[in-house]
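Quick look at protein-v2.csv (CSV, C-alpha atoms):
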```csv
chain,number,residue,atom,x,y,z
V,1,MET,CA,-27.5,15.3,-12.3
V,2,THR,CA,-25.6,14.6,-9.1
V,3,LEU,CA,-22.9,11.9,-9.1
V,4,ILE,CA,-20.6,10.5,-6.5
V,5,HIS,CA,-17.0,9.7,-7.6
V,6,ILE,CA,-15.0,7.1,-5.8
V,7,ALA,CA,-12.0,5.0,-6.8
V,8,ASP,CA,-9.2,2.7,-5.5
V,9,THR,CA,-11.2,0.6,-3.0
V,10,HIS,CA,-8.7,-2.3,-3.4
V,11,LEU,CA,-11.1,-4.9,-2.0
V,12,GLY,CA,-9.1,-8.0,-1.0
V,13,LEU,CA,-6.0,-6.2,0.2
V,14,ALA,CA,-4.6,-7.8,3.3
V,15,ALA,CA,-1.9,-6.2,5.5
V,16,PHE,CA,-0.2,-6.8,8.8
V,17,ASN,CA,-0.4,-10.1,10.7
V,18,ARG,CA,-3.5,-9.5,12.9
V,19,LEU,CA,-6.5,-11.8,12.5
V,20,ASP,CA,-10.1,-11.1,13.2
V,21,PRO,CA,-11.0,-13.4,16.2
V,22,GLU,CA,-14.4,-14.2,14.9
V,23,SER,CA,-13.9,-14.9,11.2
V,24,GLY,CA,-10.2,-15.8,11.3
V,25,MET,CA,-9.7,-13.4,8.3
V,26,ASN,CA,-6.9,-10.9,8.1
V,27,LEU,CA,-8.2,-8.0,10.1
V,28,ARG,CA,-7.1,-5.3,7.7
V,29,GLU,CA,-8.8,-7.1,4.9
V,30,LYS,CA,-12.0,-7.4,6.9
V,31,GLN,CA,-11.8,-3.7,7.9
V,32,ILE,CA,-11.7,-2.7,4.2
V,33,TYR,CA,-14.7,-4.9,3.3
V,34,ASP,CA,-16.8,-3.6,6.3
V,35,ASN,CA,-15.9,0.1,5.6
V,36,PHE,CA,-16.7,-0.3,1.9
V,37,LEU,CA,-20.2,-1.5,2.7
V,38,SER,CA,-20.6,1.3,5.2
V,39,ALA,CA,-19.5,3.7,2.6
V,40,ILE,CA,-22.1,2.4,0.2
V,41,ASP,CA,-24.7,3.1,2.9
V,42,VAL,CA,-23.5,6.7,3.2
V,43,ILE,CA,-23.5,7.1,-0.5
V,44,ILE,CA,-27.1,5.9,-0.7
V,45,GLN,CA,-28.1,8.4,2.0
V,46,GLN,CA,-26.8,11.2,-0.3
V,47,LYS,CA,-29.3,10.0,-3.0
V,48,PRO,CA,-27.0,10.6,-6.0
V,49,ASP,CA,-28.2,9.9,-9.6
V,50,VAL,CA,-25.2,7.6,-10.2
V,51,LEU,CA,-22.2,6.2,-8.5
V,52,VAL,CA,-19.0,6.4,-10.5
V,53,HIS,CA,-16.0,4.1,-9.6
V,54,ALA,CA,-12.8,5.1,-11.5
V,55,GLY,CA,-10.9,1.9,-11.2
V,56,ASP,CA,-9.2,-0.6,-8.9
V,57,LEU,CA,-12.4,-2.0,-7.3
V,58,PHE,CA,-10.4,-5.1,-6.5
V,59,ASP,CA,-6.8,-5.3,-5.3
V,60,THR,CA,-6.0,-8.1,-7.7
V,61,VAL,CA,-7.2,-9.5,-11.0
V,62,LYS,CA,-8.2,-12.7,-9.3
V,63,PRO,CA,-10.4,-11.4,-6.5
V,64,LYS,CA,-10.9,-13.5,-3.3
V,65,THR,CA,-14.4,-14.9,-2.8
V,66,LYS,CA,-15.1,-12.5,0.0
V,67,ALA,CA,-14.2,-9.6,-2.2
V,68,TYR,CA,-16.7,-10.8,-4.8
V,69,THR,CA,-19.5,-11.3,-2.2
V,70,THR,CA,-18.8,-7.9,-0.7
V,71,VAL,CA,-19.3,-6.2,-4.1
V,72,LEU,CA,-22.4,-8.3,-4.8
V,73,GLU,CA,-23.8,-7.1,-1.5
V,74,ALA,CA,-23.0,-3.5,-2.5
V,75,LEU,CA,-24.8,-4.0,-5.8
V,76,GLU,CA,-27.9,-5.3,-4.0
V,77,ARG,CA,-28.0,-2.2,-1.8
V,78,LEU,CA,-27.5,0.2,-4.8
V,79,HIS,CA,-30.1,-1.7,-6.8
V,80,ALA,CA,-32.7,-1.4,-4.0
V,81,ALA,CA,-32.0,2.3,-3.8
V,82,GLY,CA,-32.3,2.7,-7.6
V,83,ILE,CA,-28.7,4.0,-8.0
V,84,PRO,CA,-26.8,3.0,-11.2
V,85,LEU,CA,-23.1,2.1,-11.0
V,86,VAL,CA,-20.6,3.2,-13.7
V,87,ILE,CA,-17.2,1.6,-13.3
V,88,ILE,CA,-14.0,1.0,-15.2
V,89,ALA,CA,-11.2,-1.4,-14.6
V,90,GLY,CA,-8.0,-0.1,-13.1
V,91,ASN,CA,-4.5,-1.5,-13.4
V,92,HIS,CA,-4.9,-3.8,-10.3
V,93,SER,CA,-8.0,-5.5,-11.5
V,94,MET,CA,-7.4,-5.4,-15.3
V,95,VAL,CA,-6.4,-8.6,-17.0
V,96,LYS,CA,-3.0,-8.5,-18.7
V,97,THR,CA,-4.1,-10.1,-22.0
V,98,ARG,CA,-7.2,-9.9,-24.1
V,99,TYR,CA,-7.7,-13.6,-23.7
V,100,THR,CA,-8.1,-13.8,-19.9
V,101,THR,CA,-11.6,-13.6,-18.3
V,102,SER,CA,-12.1,-10.3,-16.4
V,103,PRO,CA,-13.5,-10.4,-12.9
V,104,PHE,CA,-16.0,-7.8,-14.0
V,105,GLU,CA,-17.8,-10.3,-16.3
V,106,VAL,CA,-19.2,-11.9,-13.2
V,107,LEU,CA,-20.6,-8.6,-11.9
V,108,THR,CA,-22.4,-7.7,-15.2
V,109,TYR,CA,-24.8,-10.7,-14.6
V,110,HIS,CA,-26.2,-8.9,-11.6
V,111,LYS,CA,-29.7,-7.4,-12.0
V,112,SER,CA,-28.6,-3.9,-10.9
V,113,GLN,CA,-28.0,-1.2,-13.5
V,114,ILE,CA,-24.3,-1.5,-13.9
V,115,THR,CA,-22.1,-0.3,-16.8
V,116,ALA,CA,-18.6,-1.8,-16.6
V,117,ALA,CA,-15.8,-0.9,-19.0
V,118,TYR,CA,-13.0,-3.5,-18.9
V,119,LYS,CA,-12.5,-4.7,-22.5
V,120,PHE,CA,-9.5,-2.5,-23.5
V,121,ARG,CA,-11.7,-0.1,-25.5
V,122,TYR,CA,-13.6,3.1,-25.2
V,123,GLU,CA,-17.2,2.7,-24.2
V,124,LYS,CA,-20.0,5.2,-23.4
V,125,VAL,CA,-23.3,5.2,-21.6
V,126,GLU,CA,-26.1,7.8,-21.4
V,127,LEU,CA,-27.7,8.3,-18.0
V,128,GLN,CA,-30.3,11.1,-17.7
V,129,ASP,CA,-28.7,14.4,-18.9
V,130,THR,CA,-25.2,13.0,-18.8
V,131,LEU,CA,-23.0,11.1,-21.3
V,132,PHE,CA,-20.3,9.1,-19.6
V,133,HIS,CA,-17.1,8.4,-21.7
V,134,LEU,CA,-15.2,5.4,-20.3
V,135,ILE,CA,-11.6,4.6,-20.9
V,136,PRO,CA,-10.4,1.7,-18.7
V,137,ASN,CA,-6.8,0.7,-18.0
V,138,MET,CA,-5.2,-0.2,-21.3
V,139,LEU,CA,-2.5,-2.7,-22.3
V,140,ARG,CA,-0.3,0.0,-23.8
V,141,VAL,CA,0.0,3.7,-23.0
V,142,GLU,CA,-0.7,4.6,-26.7
V,143,ASP,CA,-4.0,2.9,-26.5
V,144,TYR,CA,-5.4,5.7,-24.4
V,145,ARG,CA,-4.9,8.1,-27.3
V,146,THR,CA,-6.6,5.7,-29.7
V,147,ALA,CA,-9.6,5.4,-27.3
V,148,TYR,CA,-9.7,9.1,-26.6
V,149,ASP,CA,-9.8,9.9,-30.3
V,150,GLN,CA,-13.1,7.9,-30.6
V,151,ILE,CA,-14.9,10.2,-28.3
V,152,GLU,CA,-17.6,12.4,-29.7
V,153,LEU,CA,-18.9,14.9,-27.2
V,154,SER,CA,-22.6,15.5,-27.0
V,155,GLY,CA,-24.0,19.0,-27.3
V,156,LYS,CA,-27.2,18.0,-25.5
V,157,HIS,CA,-25.7,16.3,-22.5
V,158,ASN,CA,-23.1,16.9,-19.7
V,159,ASN,CA,-20.0,15.1,-20.8
V,160,VAL,CA,-18.1,13.1,-18.1
V,161,LEU,CA,-14.8,11.3,-18.8
V,162,VAL,CA,-13.9,8.4,-16.5
V,163,THR,CA,-10.4,7.0,-16.8
V,164,HIS,CA,-7.5,5.5,-14.7
V,165,GLY,CA,-3.8,6.4,-14.7
V,166,LEU,CA,-1.3,8.9,-13.5
V,167,ALA,CA,-1.7,12.4,-14.8
V,168,THR,CA,1.5,13.9,-16.2
V,169,GLN,CA,0.8,17.0,-14.0
V,170,ILE,CA,1.5,15.0,-10.9
V,171,LYS,CA,5.2,15.4,-9.9
V,172,ASP,CA,5.0,13.0,-6.9
V,173,LYS,CA,4.9,9.7,-8.8
V,174,ARG,CA,4.8,7.6,-5.7
V,175,LEU,CA,2.9,4.5,-6.8
V,176,ALA,CA,5.0,2.9,-9.6
V,177,THR,CA,2.8,-0.1,-9.6
V,178,VAL,CA,2.2,-2.9,-12.1
V,179,ALA,CA,0.7,-1.7,-15.4
V,180,GLU,CA,0.7,1.9,-14.3
V,181,HIS,CA,0.3,4.3,-17.2
V,182,GLU,CA,0.8,8.0,-17.5
V,183,LEU,CA,-2.1,9.9,-19.0
V,184,ASP,CA,-1.2,12.4,-21.7
V,185,GLY,CA,-2.1,15.8,-20.4
V,186,THR,CA,-4.1,16.6,-23.5
V,187,ILE,CA,-6.6,13.9,-22.6
V,188,LEU,CA,-7.6,16.0,-19.6
V,189,SER,CA,-9.5,18.4,-21.8
V,190,ASP,CA,-11.6,21.3,-20.5
V,191,ARG,CA,-14.2,20.2,-23.1
V,192,PHE,CA,-15.5,17.8,-20.5
V,193,ASP,CA,-17.8,19.0,-17.7
V,194,TYR,CA,-16.0,16.7,-15.3
V,195,ILE,CA,-13.2,14.1,-15.5
V,196,ALA,CA,-13.3,11.4,-12.8
V,197,LEU,CA,-9.8,9.9,-12.3
V,198,GLY,CA,-8.6,6.9,-10.5
V,199,HIS,CA,-5.2,5.4,-9.5
V,200,TYR,CA,-3.6,8.2,-7.5
V,201,HIS,CA,-4.5,7.7,-3.9
V,202,ARG,CA,-4.5,11.3,-2.7
V,203,GLN,CA,-7.8,13.2,-3.3
V,204,CYS,CA,-6.8,16.2,-5.3
V,205,ARG,CA,-7.8,18.5,-8.2
V,206,ILE,CA,-5.6,18.2,-11.3
V,207,THR,CA,-7.3,20.8,-13.5
V,208,ASP,CA,-10.4,22.9,-13.0
V,209,ASN,CA,-12.6,20.0,-14.2
V,210,ALA,CA,-10.4,16.9,-13.4
V,211,TRP,CA,-10.2,15.3,-10.0
V,212,TYR,CA,-8.7,12.3,-8.3
V,213,SER,CA,-11.2,11.1,-5.6
V,214,GLY,CA,-8.3,9.2,-4.0
V,215,SER,CA,-8.5,5.8,-2.4
V,216,THR,CA,-11.2,5.4,0.2
V,217,GLU,CA,-8.8,3.8,2.7
V,218,TYR,CA,-5.2,4.4,3.9
V,219,LEU,CA,-3.4,1.6,2.0
V,220,THR,CA,0.2,2.4,2.9
V,221,TYR,CA,1.9,4.7,5.4
V,222,GLY,CA,3.0,6.9,2.5
V,223,GLU,CA,-0.6,8.1,2.4
V,224,ILE,CA,-0.8,9.1,6.0
V,225,ALA,CA,-1.3,12.8,5.2
V,226,ASP,CA,-3.7,12.3,2.3
V,227,GLU,CA,-7.4,13.1,2.4
V,228,LYS,CA,-9.6,10.1,2.0
V,229,GLY,CA,-13.2,9.7,0.9
V,230,GLY,CA,-15.3,10.5,-2.1
V,231,LEU,CA,-16.4,13.4,-4.2
V,232,LEU,CA,-20.0,14.8,-4.6
V,233,VAL,CA,-20.2,16.2,-8.1
V,234,GLU,CA,-22.7,18.2,-10.1
V,235,PRO,CA,-21.3,18.3,-13.6
V,236,GLY,CA,-23.9,20.8,-14.9
V,237,ARG,CA,-22.9,23.3,-12.2
V,238,HIS,CA,-19.3,22.4,-12.2
V,239,THR,CA,-19.3,21.9,-8.4
V,240,VAL,CA,-17.2,19.4,-6.5
V,241,THR,CA,-17.4,18.7,-2.8
V,242,HIS,CA,-15.5,16.3,-0.5
V,243,LEU,CA,-17.6,13.5,0.9
V,244,GLU,CA,-16.5,11.9,4.1
V,245,LEU,CA,-16.7,8.1,4.0
V,246,PRO,CA,-16.0,5.4,6.6
V,247,LYS,CA,-12.4,4.3,6.9
V,248,THR,CA,-9.9,3.0,9.4
V,249,PRO,CA,-7.9,5.9,10.9
V,250,MET,CA,-4.2,6.3,10.4
V,251,ALA,CA,-2.5,8.7,12.8
V,252,ASP,CA,0.8,10.4,12.6
V,253,LEU,CA,2.3,10.6,16.1
V,254,GLY,CA,5.1,13.0,14.9
V,255,THR,CA,8.8,12.8,15.6
V,256,VAL,CA,10.5,11.9,18.9
V,257,LYS,CA,13.9,13.6,19.4
V,258,CYS,CA,16.1,10.8,20.7
V,259,GLU,CA,19.5,12.5,21.2
V,260,GLY,CA,20.6,12.3,24.8
V,261,VAL,CA,17.3,10.6,25.8
V,262,HIS,CA,17.2,7.2,27.7
V,263,PRO,CA,15.6,4.4,25.6
V,264,GLY,CA,13.0,3.9,28.4
V,265,ASP,CA,12.0,7.6,28.1
V,266,ILE,CA,11.6,7.2,24.4
V,267,THR,CA,9.3,4.3,24.8
V,268,ALA,CA,7.3,6.2,27.4
V,269,GLU,CA,7.0,9.2,25.0
V,270,ILE,CA,5.6,6.9,22.3
V,271,ILE,CA,3.1,5.4,24.7
V,272,ALA,CA,2.0,8.9,25.8
V,273,ARG,CA,1.5,10.0,22.2
V,274,VAL,CA,-0.6,7.0,21.4
V,275,THR,CA,-2.7,7.6,24.5
V,276,LEU,CA,-3.1,11.3,23.9
V,277,LYS,CA,-4.5,10.6,20.4
V,278,ASN,CA,-7.2,8.5,21.9
V,279,LEU,CA,-7.4,6.4,18.8
V,280,PRO,CA,-10.3,3.9,18.2
V,281,GLU,CA,-9.5,0.3,18.5
V,282,TYR,CA,-7.5,-1.3,15.7
V,283,ALA,CA,-6.4,2.0,14.1
V,284,MET,CA,-3.0,2.5,12.5
V,285,ALA,CA,-0.3,4.8,13.8
V,286,GLN,CA,3.2,5.9,12.8
V,287,VAL,CA,6.0,7.5,14.9
V,288,THR,CA,9.4,8.7,13.7
V,289,LEU,CA,12.5,8.4,16.0
V,290,ASP,CA,15.1,11.1,15.2
V,291,GLY,CA,18.7,10.7,16.3
V,292,LEU,CA,18.5,7.1,17.6
V,293,SER,CA,22.3,6.2,17.8
V,294,ARG,CA,24.7,3.5,19.0
V,295,GLU,CA,24.5,5.1,22.4
V,296,HIS,CA,21.0,3.8,22.7
V,297,GLY,CA,22.3,0.2,22.5
V,298,LYS,CA,19.7,-1.9,20.9
V,299,GLY,CA,17.3,0.9,21.0
V,300,ILE,CA,13.8,0.9,22.6
V,301,ASP,CA,12.4,-2.3,24.0
V,302,THR,CA,9.5,-3.1,21.8
V,303,ARG,CA,8.1,-5.4,24.5
V,304,ASP,CA,7.2,-2.3,26.5
V,305,LEU,CA,4.9,-1.3,23.7
V,306,ALA,CA,2.9,-4.5,23.8
V,307,GLY,CA,0.1,-2.9,25.8
V,308,ILE,CA,-0.6,-0.1,23.3
V,309,ARG,CA,0.0,-2.4,20.3
V,310,GLU,CA,-2.7,-4.7,21.6
V,311,HIS,CA,-5.3,-2.0,20.9
V,312,LEU,CA,-3.8,-0.9,17.5
V,313,LEU,CA,-4.0,-2.7,14.2
V,314,ASP,CA,-0.4,-1.6,13.6
V,315,LEU,CA,2.3,0.7,15.0
V,316,LYS,CA,4.9,1.7,12.5
V,317,ILE,CA,8.2,2.9,14.0
V,318,ARG,CA,10.4,4.8,11.6
V,319,VAL,CA,14.1,5.5,12.4
V,320,LYS,CA,15.9,8.6,11.3
V,321,THR,CA,19.5,8.1,12.2
V,322,GLU,CA,22.2,10.7,12.6
V,323,GLU,CA,23.8,9.5,9.4
V,324,GLU,CA,20.7,9.7,7.4
V,325,ASP,CA,18.3,12.6,6.4
V,326,ARG,CA,15.6,10.3,5.1
V,327,PRO,CA,13.5,8.2,7.5
V,328,VAL,CA,13.4,4.5,6.9
V,329,PRO,CA,10.9,2.0,8.2
V,330,LEU,CA,12.1,-0.6,10.7
V,331,GLN,CA,10.2,-3.1,8.6
V,332,GLN,CA,10.1,-2.1,4.9
V,333,ASP,CA,6.7,-1.9,3.3
V,334,ILE,CA,7.1,-4.3,0.4
V,335,ARG,CA,4.2,-2.7,-1.5
V,336,MET,CA,6.2,0.5,-1.9
V,337,ILE,CA,9.3,-1.1,-3.6
V,338,ASP,CA,9.7,-0.3,-7.3
V,339,TYR,CA,11.4,-3.5,-8.3
V,340,LEU,CA,11.6,-2.5,-12.0
V,341,GLN,CA,13.4,0.7,-11.1
V,342,GLU,CA,15.8,-1.1,-8.8
V,343,PHE,CA,16.6,-3.6,-11.5
V,344,GLY,CA,17.3,-0.8,-14.0
V,345,GLU,CA,19.7,0.8,-11.5
V,346,PHE,CA,21.4,-2.5,-11.0
V,347,ILE,CA,21.9,-3.0,-14.7
V,348,ALA,CA,23.3,0.5,-15.1
V,349,LYS,CA,26.1,-0.3,-12.6
V,350,GLN,CA,27.3,-3.5,-14.4
V,351,HIS,CA,30.3,-3.5,-16.7
V,352,LEU,CA,28.4,-4.4,-19.9
V,353,SER,CA,28.4,-2.9,-23.4
V,354,ALA,CA,25.5,-0.6,-24.4
V,355,LYS,CA,24.1,-3.4,-26.5
V,356,GLN,CA,24.3,-6.0,-23.7
V,357,LYS,CA,22.7,-3.6,-21.2
V,358,ALA,CA,19.9,-2.9,-23.6
V,359,PHE,CA,19.3,-6.6,-24.1
V,360,VAL,CA,19.5,-7.6,-20.4
V,361,ALA,CA,17.3,-4.6,-19.4
V,362,ALA,CA,14.6,-5.5,-22.0
V,363,ARG,CA,14.5,-9.2,-21.2
V,364,GLY,CA,14.9,-8.8,-17.5
V,365,HIS,CA,12.1,-6.2,-17.4
V,366,GLU,CA,9.8,-8.6,-19.3
V,367,VAL,CA,10.6,-11.5,-17.0
V,368,LEU,CA,10.3,-9.5,-13.8
V,369,GLN,CA,7.0,-7.9,-14.9
V,370,SER,CA,5.6,-11.4,-15.5
V,371,VAL,CA,6.7,-12.7,-12.1
V,372,MET,CA,5.3,-9.7,-10.4
V,373,ASP,CA,1.9,-10.2,-12.1
V,374,GLU,CA,1.9,-13.9,-11.2
V,375,HIS,CA,2.9,-13.2,-7.6
V,376,ARG,CA,0.1,-10.7,-7.1
V,377,GLY,CA,-2.5,-13.1,-8.4
V,378,ILE,CA,-1.3,-15.9,-6.1
V,379,THR,CA,-0.6,-14.0,-2.8
V,380,GLU,CA,-3.0,-11.1,-2.7
```
Reformat the file's structure so that it appears as structure tokens.
Amino acid sequence: MTLIHIADTHLGLAAFNRLDPESGMNLREKQIYDNFLSAIDVIIQQKPDVLVHAGDLFDTVKPKTKAYTTVLEALERLHAAGIPLVIIAGNHSMVKTRYTTSPFEVLTYHKSQITAAYKFRYEKVELQDTLFHLIPNMLRVEDYRTAYDQIELSGKHNNVLVTHGLATQIKDKRLATVAEHELDGTILSDRFDYIALGHYHRQCRITDNAWYSGSTEYLTYGEIADEKGGLLVEPGRHTVTHLELPKTPMADLGTVKCEGVHPGDITAEIIARVTLKNLPEYAMAQVTLDGLSREHGKGIDTRDLAGIREHLLDLKIRVKTEEEDRPVPLQQDIRMIDYLQEFGEFIAKQHLSAKQKAFVAARGHEVLQSVMDEHRGITE
């Protein structure tokens, strides 16, 4: 069997303030929809026996209508090509209680061959010579072990595990998102012929048989150096190959040394770097300014950048000051803030007893988590 492994498509995600002139839709949101359908066409051209999606199909548990119709169009194309879809719910599109209707229930009514695991339990499906073991995002981290212990490997099939979470082997825990769970390293067993992971947005191998396909798109500037796309997998032969898929480019324009340089020359250097990259229209780009100080007055005149910004979806300018070693964005990316961690650090600094800190931290964490969940459902 040949399968294609993708994950973290985050359909419905909107970013930046640019609108598509024809539809009036947020342009970044539209790019993600269009690229997803183009990626489905590339996948169909590869003629895999099955498409595996390892979670976070949608960016929110209450998908936008356009996100739904985009997935339904993809299912139509896969159905016409005779390619089954195996998919699990990730933390972004998993309901937070057992009593809320999942967005995946709508998709299961489609006539295509789709197996969707989203009910907080282990499920399995046999397709040709392969048995797929599915563990979706769970309510509690200990539920992964409960689900995993129900798995009975087949001696007559290839065994493929599909799950969603952050492997303990990853040191760079950048995501820190709502309902993120760490996966016990023992779950990533070498007894499986392949383990398809979702949640971590960088495409990478965790163990010999366990891979993150990564997100199909650049979703934040923190991913600018990541490889994007899918994975072409033959579990029986234990081969994994990168599959290039359509995406909106994100370019790193490097660092501009600003010490002793006139602000106008800094602006000219940024323009020159964008021009040299020859980026396609509505790509994303990031540049870092090192050593921008008070001597530069108010800094560069962003009005001079209007011409190049007109052809880009976004130009992110990071400033690395003389007093700081760590670059900071001019406009903070709100999706990268770990509010729960910041709240915990705030409580630790307060003059409270240990008992009071424990109570405030527990209650505050609960309330903040609830507000974050509600906010994502309303605004994204």
>> To one decimal place in Å, what is the distance between CA of Ala116 (chain V) and CA of Ala54 (chain V)?
In response: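 Separation between CA of Ala116 (chain V) and CA of Ala54 (chain V): 10.4 Å.
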> Contacts of region 309-311 of chain V at 10 Å or less, counting all atoms listed in the file, minus same-chain residues fewer than 3 places along, as a list in words?
Replying inline: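 Here the answer would be Arg18, Ile271, Val274, Leu279, Pro280, Glu281, Tyr282, Ala283, Met284, Ala285, Thr302, Arg303, Asp304, Leu305, Ala306, Asp314 and Leu315 of chain V.
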> Any idea what the distance is between CA of Leu231 (chain V) and CA of Leu243 (chain V)?
Replying inline: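 CA of Leu231 (chain V) sits 5.2 Å away from CA of Leu243 (chain V).
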> Using all atoms listed in the file, which residue out of V:Ala167, V:Ile270, V:Ile87, V:Ile32 lies closest to Ser215 (chain V)?
Replying inline: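 Of V:Ala167, V:Ile270, V:Ile87, V:Ile32, the one nearest Ser215 (chain V) is V:Ile32, counting all atoms listed in the file.
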>> Here is a test: counting only C-alpha atoms, which residue of V:Lys96, V:Ala196, V:Gly214, V:Thr220 is nearest to Ala14 (chain V)?
In response: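 Among V:Lys96, V:Ala196, V:Gly214, V:Thr220, it is V:Thr220 that comes nearest to Ala14 (chain V).
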>> For a cutoff of 8 Å around the file-coordinate point (-5.1, -7.6, 8.7), which residues qualify once you count all atoms listed in the file? I'd like the result as a list of chain:residue names.
In response: V:Ala14, V:Ala15, V:Phe16, V:Asn17, V:Arg18, V:Leu19, V:Asp20, V:Met25, V:Asn26, V:Leu27, V:Arg28, V:Glu29, V:Lys30, V:Gln31, V:Leu313
>> Restricting the calculation to only C-alpha atoms: of V:Leu219, V:Ala361, V:Met1, V:Leu245, which residue gets closest to Asp34 (chain V)?
In response: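 For Asp34 (chain V), the nearest of the given residues is V:Leu245.
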> How many Å separate CA of Gly229 (chain V) from CA of Lys111 (chain V)?
Replying inline: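 Computed distance, CA of Gly229 (chain V) to CA of Lys111 (chain V), equals 27.0 Å.
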> With all atoms listed in the file as the basis for distance, which of V:Ala7, V:Ile83, V:Val141, V:Lys355 is at the shortest distance from Trp211 (chain V)?
Replying inline: V:Ala7
> Which of these, V:Leu197, V:Val125, V:Leu3, V:Ile300, has the shortest distance to Asp56 (chain V) once you count only C-alpha atoms?
Replying inline: V:Leu197
> Which one is closest to Ile266 (chain V): V:Gly364, V:Gly291, V:Pro136, V:Pro246? Count all atoms listed in the file.
Replying inline: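 Of V:Gly364, V:Gly291, V:Pro136, V:Pro246, the one nearest Ile266 (chain V), counting all atoms listed in the file, is V:Gly291.
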As an mmCIF file with C-alpha atoms, in the frame of the given file, please: the residues near Glu152 (chain V) (cut-off 12 Å, all atoms listed in the file, same-chain neighbours under 2 positions excluded).
```cif
data_model
loop_
_atom_site.group_PDB
_atom_site.id
_atom_site.type_symbol
_atom_site.label_atom_id
_atom_site.label_comp_id
_atom_site.auth_asym_id
_atom_site.auth_seq_id
_atom_site.Cartn_x
_atom_site.Cartn_y
_atom_site.Cartn_z
ATOM 1 C CA TYR V 122 -13.600 3.100 -25.200
ATOM 2 C CA GLU V 123 -17.200 2.700 -24.200
ATOM 3 C CA LYS V 124 -20.000 5.200 -23.400
ATOM 4 C CA LEU V 131 -23.000 11.100 -21.300
ATOM 5 C CA PHE V 132 -20.300 9.100 -19.600
ATOM 6 C CA HIS V 133 -17.100 8.400 -21.700
ATOM 7 C CA LEU V 134 -15.200 5.400 -20.300
ATOM 8 C CA ALA V 147 -9.600 5.400 -27.300
ATOM 9 C CA TYR V 148 -9.700 9.100 -26.600
ATOM 10 C CA ASP V 149 -9.800 9.900 -30.300
ATOM 11 C CA GLN V 150 -13.100 7.900 -30.600
ATOM 12 C CA SER V 154 -22.600 15.500 -27.000
ATOM 13 C CA GLY V 155 -24.000 19.000 -27.300
ATOM 14 C CA LYS V 156 -27.200 18.000 -25.500
ATOM 15 C CA HIS V 157 -25.700 16.300 -22.500
ATOM 16 C CA ASN V 159 -20.000 15.100 -20.800
ATOM 17 C CA VAL V 160 -18.100 13.100 -18.100
ATOM 18 C CA LEU V 161 -14.800 11.300 -18.800
ATOM 19 C CA ARG V 191 -14.200 20.200 -23.100
ATOM 20 C CA PHE V 192 -15.500 17.800 -20.500
#
```
